[in-house]
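Novice: Pasting data-v3.txt here (compact mmCIF, C-alpha atoms):
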```txt
# COMPACT_ATOMS: atom_id res chain seq x y z
CA LYS A 10 -38.91 -52.96 57.35
CA ALA A 11 -39.88 -49.71 55.68
CA LEU A 12 -36.78 -48.09 57.13
CA LYS A 13 -34.62 -50.86 55.64
CA LYS A 14 -36.27 -50.30 52.31
CA VAL A 15 -35.65 -46.53 52.50
CA LEU A 16 -32.04 -47.11 53.61
CA GLY A 17 -31.57 -49.60 50.77
CA GLY A 18 -32.99 -47.05 48.32
CA ILE A 19 -30.69 -44.36 49.68
CA SER A 20 -27.75 -46.73 49.42
CA GLY A 21 -28.72 -47.50 45.81
CA ILE A 22 -29.02 -43.80 45.04
CA SER A 23 -25.63 -43.22 46.64
CA VAL A 24 -24.05 -45.95 44.48
CA LYS A 25 -25.71 -44.58 41.35
CA SER A 26 -24.67 -41.03 42.28
CA LYS A 27 -21.08 -42.21 42.66
CA GLU A 28 -21.30 -43.91 39.26
CA VAL A 29 -22.67 -40.69 37.73
CA THR A 30 -19.88 -38.73 39.43
CA ASP A 31 -17.28 -41.15 38.05
CA LEU A 32 -18.82 -40.88 34.58
CA ALA A 33 -18.87 -37.09 34.86
CA ARG A 34 -15.21 -37.11 35.89
CA GLU A 35 -14.34 -39.39 32.96
CA SER A 36 -16.36 -37.20 30.58
CA SER A 37 -14.54 -34.16 31.90
CA LYS A 38 -11.18 -35.84 31.20
CA GLU A 39 -12.29 -36.80 27.68
CA ALA A 40 -13.55 -33.27 27.02
CA GLU A 41 -10.17 -31.93 28.14
CA VAL A 42 -8.38 -34.36 25.80
CA GLY A 43 -10.69 -33.17 23.01
CA ARG A 44 -9.98 -29.53 23.85
CA GLU A 45 -6.23 -30.18 23.74
CA SER A 46 -6.62 -31.94 20.39
CA VAL A 47 -8.58 -28.99 19.05
CA GLU A 48 -5.87 -26.65 20.34
CA ASP A 49 -3.27 -28.72 18.47
CA ASN A 50 -5.43 -28.51 15.34
CA LEU A 51 -5.64 -24.73 15.72
CA ASN A 52 -1.86 -24.53 15.95
CA GLN A 53 -1.50 -26.71 12.85
CA MET A 54 -4.04 -24.58 10.95
CA LYS A 55 -2.07 -21.48 11.94
CA TYR A 56 1.15 -23.09 10.68
CA ILE A 57 -0.53 -24.10 7.40
CA HIS A 58 -1.94 -20.58 6.99
CA GLU A 59 1.52 -19.07 7.51
CA SER A 60 3.08 -21.59 5.13
CA VAL A 61 0.53 -20.81 2.42
CA GLY A 62 1.21 -17.11 2.93
CA LYS A 63 4.94 -17.67 2.46
CA SER A 64 4.27 -19.77 -0.64
CA ASN A 65 2.14 -16.97 -2.06
CA GLU A 66 5.00 -14.53 -1.53
CA VAL A 67 7.39 -16.84 -3.41
CA ILE A 68 4.86 -17.30 -6.21
CA GLN A 69 4.37 -13.53 -6.48
CA SER A 70 8.15 -13.17 -6.67
CA LEU A 71 8.28 -15.77 -9.47
CA SER A 72 5.56 -13.88 -11.29
CA THR A 73 7.53 -10.64 -11.03
CA ARG A 74 10.73 -12.33 -12.21
CA SER A 75 8.89 -13.92 -15.15
CA LYS A 76 7.64 -10.48 -16.19
CA GLU A 77 11.23 -9.22 -16.00
CA ILE A 78 12.33 -12.09 -18.23
CA GLY A 79 9.58 -11.12 -20.67
CA GLU A 80 10.90 -7.56 -20.77
CA ILE A 81 14.45 -8.80 -21.41
CA LEU A 82 13.14 -11.02 -24.20
CA ASN A 83 11.51 -7.99 -25.80
CA VAL A 84 14.88 -6.22 -25.78
CA ILE A 85 16.61 -9.29 -27.27
CA SER A 86 13.90 -9.56 -29.92
CA GLY A 87 14.41 -5.89 -30.78
CA ILE A 88 18.15 -6.44 -31.09
CA ALA A 89 17.55 -9.46 -33.35
CA ASP A 90 15.20 -7.37 -35.53
CA GLN A 91 17.81 -4.61 -35.79
CA THR A 92 20.51 -7.17 -36.60
CA ASN A 93 18.28 -8.62 -39.31
CA LEU A 94 17.79 -5.13 -40.75
CA LEU A 95 21.54 -4.50 -40.64
CA ALA A 96 22.13 -7.83 -42.42
CA LEU A 97 19.65 -6.80 -45.11
CA ASN A 98 21.38 -3.43 -45.54
CA ALA A 99 24.77 -5.19 -45.67
CA ALA A 100 23.46 -7.56 -48.35
CA ILE A 101 22.25 -4.57 -50.39
CA GLU A 102 25.63 -2.86 -50.05
CA ALA A 103 27.40 -6.12 -50.96
CA ALA A 104 25.27 -6.37 -54.10
CA ARG A 105 26.17 -2.80 -55.02
CA ALA A 106 29.84 -3.57 -54.59
CA GLY A 107 29.52 -6.30 -57.19
CA GLU A 108 32.33 -8.85 -57.39
CA HIS A 109 34.22 -7.24 -54.50
CA GLY A 110 31.22 -7.61 -52.18
CA LYS A 111 30.60 -11.36 -52.62
CA GLY A 112 32.40 -12.37 -49.43
CA PHE A 113 30.60 -9.66 -47.53
CA ALA A 114 27.27 -10.90 -48.95
CA VAL A 115 27.96 -14.38 -47.50
CA VAL A 116 28.72 -12.86 -44.10
CA ALA A 117 25.58 -10.68 -44.29
CA GLU A 118 23.46 -13.77 -45.08
CA GLU A 119 24.90 -15.64 -42.09
CA VAL A 120 24.22 -12.66 -39.82
CA ARG A 121 20.64 -12.55 -41.16
CA LYS A 122 20.20 -16.28 -40.41
CA LEU A 123 21.52 -15.80 -36.86
CA ALA A 124 19.16 -12.86 -36.31
CA GLU A 125 16.25 -14.94 -37.61
CA GLN A 126 17.21 -17.89 -35.41
CA SER A 127 17.52 -15.55 -32.40
CA ASN A 128 14.01 -14.28 -33.08
CA GLN A 129 12.68 -17.84 -33.25
CA GLU A 130 14.38 -18.77 -29.97
CA VAL A 131 13.09 -15.61 -28.30
CA SER A 132 9.59 -16.51 -29.51
CA GLN A 133 9.90 -19.98 -27.96
CA VAL A 134 11.13 -18.55 -24.66
CA GLU A 135 8.30 -15.98 -24.72
CA ASN A 136 5.81 -18.84 -25.12
CA LEU A 137 7.41 -20.69 -22.21
CA VAL A 138 7.30 -17.57 -20.03
CA LYS A 139 3.67 -16.99 -21.01
CA ASP A 140 2.86 -20.60 -20.04
CA ILE A 141 4.70 -20.18 -16.72
CA MET A 142 2.77 -16.96 -16.04
CA GLU A 143 -0.54 -18.73 -16.72
CA ARG A 144 0.41 -21.56 -14.39
CA ILE A 145 1.53 -19.10 -11.71
CA GLY A 146 -1.84 -17.39 -12.05
CA LYS A 147 -3.63 -20.72 -11.55
CA VAL A 148 -1.47 -21.52 -8.52
CA LEU A 149 -2.23 -18.10 -7.03
CA ILE A 150 -5.97 -18.64 -7.51
CA SER A 151 -5.75 -22.12 -5.98
CA SER A 152 -3.63 -20.85 -3.11
CA SER A 153 -6.09 -18.05 -2.45
CA GLU A 154 -8.92 -20.58 -2.34
CA ASN A 155 -6.87 -22.75 0.03
CA GLU A 156 -6.38 -19.77 2.33
CA LYS A 157 -10.16 -19.30 2.46
CA TYR A 158 -10.62 -22.98 3.31
CA ILE A 159 -7.95 -22.75 5.99
CA GLU A 160 -9.62 -19.69 7.51
CA LYS A 161 -12.99 -21.46 7.44
CA GLY A 162 -11.43 -24.60 8.95
CA THR A 163 -9.76 -22.52 11.65
CA GLU A 164 -13.08 -20.90 12.50
CA THR A 165 -14.76 -24.32 12.68
CA VAL A 166 -12.01 -25.63 14.97
CA LYS A 167 -12.40 -22.57 17.21
CA GLN A 168 -16.14 -23.19 17.42
CA THR A 169 -15.46 -26.83 18.26
CA ALA A 170 -13.04 -25.74 20.98
CA GLU A 171 -15.71 -23.48 22.44
CA VAL A 172 -18.29 -26.30 22.40
CA LEU A 173 -15.82 -28.67 24.08
CA HIS A 174 -15.06 -26.01 26.68
CA ASN A 175 -18.79 -25.61 27.35
CA ILE A 176 -19.20 -29.38 27.64
CA SER A 177 -16.23 -29.59 29.99
CA SER A 178 -17.66 -26.78 32.14
CA ALA A 179 -21.08 -28.43 32.26
CA VAL A 180 -19.56 -31.78 33.19
CA SER A 181 -17.43 -30.13 35.89
CA LYS A 182 -20.51 -28.43 37.33
CA THR A 183 -22.36 -31.75 37.28
CA ASN A 184 -19.41 -33.41 38.96
CA ARG A 185 -19.29 -30.77 41.73
CA PHE A 186 -23.06 -30.96 42.17
CA MET A 187 -22.94 -34.74 42.46
CA LYS A 188 -20.13 -34.56 45.04
CA LEU A 189 -22.21 -32.16 47.12
CA LYS A 190 -25.28 -34.43 46.91
CA ILE A 191 -23.29 -37.51 47.90
CA GLN A 192 -21.82 -35.84 50.95
```
Would you mind giving the structure from this file in C-alpha cells?
Specialist:
Amino acid sequence: KALKKVLGGISGISVKSKEVTDLARESSKEAEVGRESVEDNLNQMKYIHESVGKSNEVIQSLSTRSKEIGEILNVISGIADQTNLLALNAAIEAARAGEHGKGFAVVAEEVRKLAEQSNQEVSQVENLVKDIMERIGKVLISSSENEKYIEKGTETVKQTAEVLHNISSAVSKTNRFMKLKIQ
C-alpha cells in the first residue's frame, strides 16, 4: 500500500514535471516571438533614425539656400537703392533743364516709383525668408530632440532584447533540466 502511494506520488510528479516542461517550452517559444518582435523594432528604429538624419540634411540644405536667397535680396535691394538715387539725380537734372526736361522728369519719377516698389517687395521677401529661417531652426531643434528620443528608444529596445534573451535562455535551461529529471 505504501509502495502504491509512493508510485502514485511519483506518477503525479512525472505528470506535473511534464506540464512544467510543456509550459517551459511554450514560454521559450513566446520569448523567441518577443525577441523577434524586439529585433523588428530595432530595425524600425534604425530606419527612423536614418530617415531623420536624411531629413536633417535636407533641412540644412534649405537653410543654406535661404541664406543664399537673403544675400541675393541684399544685392537687389542695393540695386533698387542705386536706381532710386539715379532717379533722384535724373529729376534734379530734369529740373535744371527747365521746359525741355519735363518729359525726362516724368520718366525719372516713374523710375523712382519702381525702385521704391522694388525695395518694398524685397523687404517683404526678406521677411518671408527670415520667417522660413526661424521655422527651419525650430524644425532642426525638434528633429535633434527626436533623434535623442530615437537613440534612447533604441537603447531601451536593445535592453529589452537582452532581457528576453536571458529569459529565453533560462527557460531553455529549465526545459532541459526538466527533461533530464523526467527521464
Novice: Between atom CA of Glu80 of chain A and atom CA of Ala117 of chain A, what is the distance in Å, rounded to a tenth?
Specialist: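 Atom-to-atom, atom CA of Glu80 of chain A to atom CA of Ala117 of chain A, that is 27.9 Å.
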Novice: Which residue is closest to Lys55 of chain A? Choose from A:Ser70, A:Thr163, A:Asn128, A:Gln91 and count all atoms listed in the file.
Specialist: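 Closest residue, counting all atoms listed in the file: A:Thr163.
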Novice: Skipping near chain neighbours, those fewer than 4 positions away, what residues fall within 12 Å of Thr165 of chain A using only C-alpha atoms, listed as a PyMOL selection string?
Specialist: chain A and resi 47-48+50-51+54+158-161+169-172
Novice: May I ask which of the residues A:Glu28, A:Asn93, A:Glu156, A:Ala40 is the closest one to Ala179 of chain A, counting only C-alpha atoms?
Specialist: A:Ala40
Novice: Quick one: of A:Arg44, A:Asn83, A:Val148, A:Asn155, who's nearest to Ile57 of chain A, counting all atoms listed in the file?
Specialist: A:Asn155
Novice: May I have the centre and edge lengths, in Å to one decimal, of an axis-aligned box around the listed atoms of segment 171-174 of chain A with 8 Å added to every side, as AutoDock Vina command-line options?
Specialist:
```
--center_x -16.7 --center_y -26.1 --center_z 24.5 --size_x 19.2 --size_y 21.2 --size_z 20.3
```
Novice: In Å to one decimal, how far is atom CA of Lys76 of chain A from atom CA of Gln133 of chain A?
Specialist: 15.3 Å
Novice: Near Arg34 of chain A, within 10 Å and counting only C-alpha atoms, which residues show up once chain neighbours fewer than 6 positions away are dropped, as a list in words?
Specialist: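 Neighbouring residues, sequence-local ones excluded: Glu28, Ala40, Ser177, Val180, Ser181, Thr183, Asn184 and Arg185 of chain A.
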Novice: Could you pull the residues within 9 Å of Val115 of chain A, counting all atoms listed in the file, minus those fewer than 4 positions along the same chain, as a PyMOL selection string?
Specialist: chain A and resi 100+103+110-111+119-120
Novice: Residues as selected, C-alpha atoms, written as a compact mmCIF listing (two decimals), keeping the file's coordinate frame, can you do that?
Specialist:
```
# COMPACT_ATOMS: atom_id res chain seq x y z
CA ALA A 100 23.46 -7.56 -48.35
CA ALA A 103 27.40 -6.12 -50.96
CA GLY A 110 31.22 -7.61 -52.18
CA LYS A 111 30.60 -11.36 -52.62
CA GLU A 119 24.90 -15.64 -42.09
CA VAL A 120 24.22 -12.66 -39.82
```
Novice: Would you please work out which residue, of A:Val29, A:Val61, A:Ile85, A:Val15, is nearest to Val134 of chain A when using all atoms listed in the file?
Specialist: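 Once distances to Val134 of chain A are computed over all atoms listed in the file, the minimum belongs to A:Ile85.
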Novice: Could you check which of A:Gln126, A:Gln69, A:Ser64, A:Ser153 is closest to Thr92 of chain A, using only C-alpha atoms?
Specialist: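 The answer is A:Gln126, which sits nearest to Thr92 of chain A.
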Novice: So, with all atoms listed in the file as the atoms that count, which of A:Asp90, A:Asp49, A:His174, A:Ser75 lies closest to Leu123 of chain A?
Specialist: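 Selected residue with least distance to Leu123 of chain A: A:Asp90.
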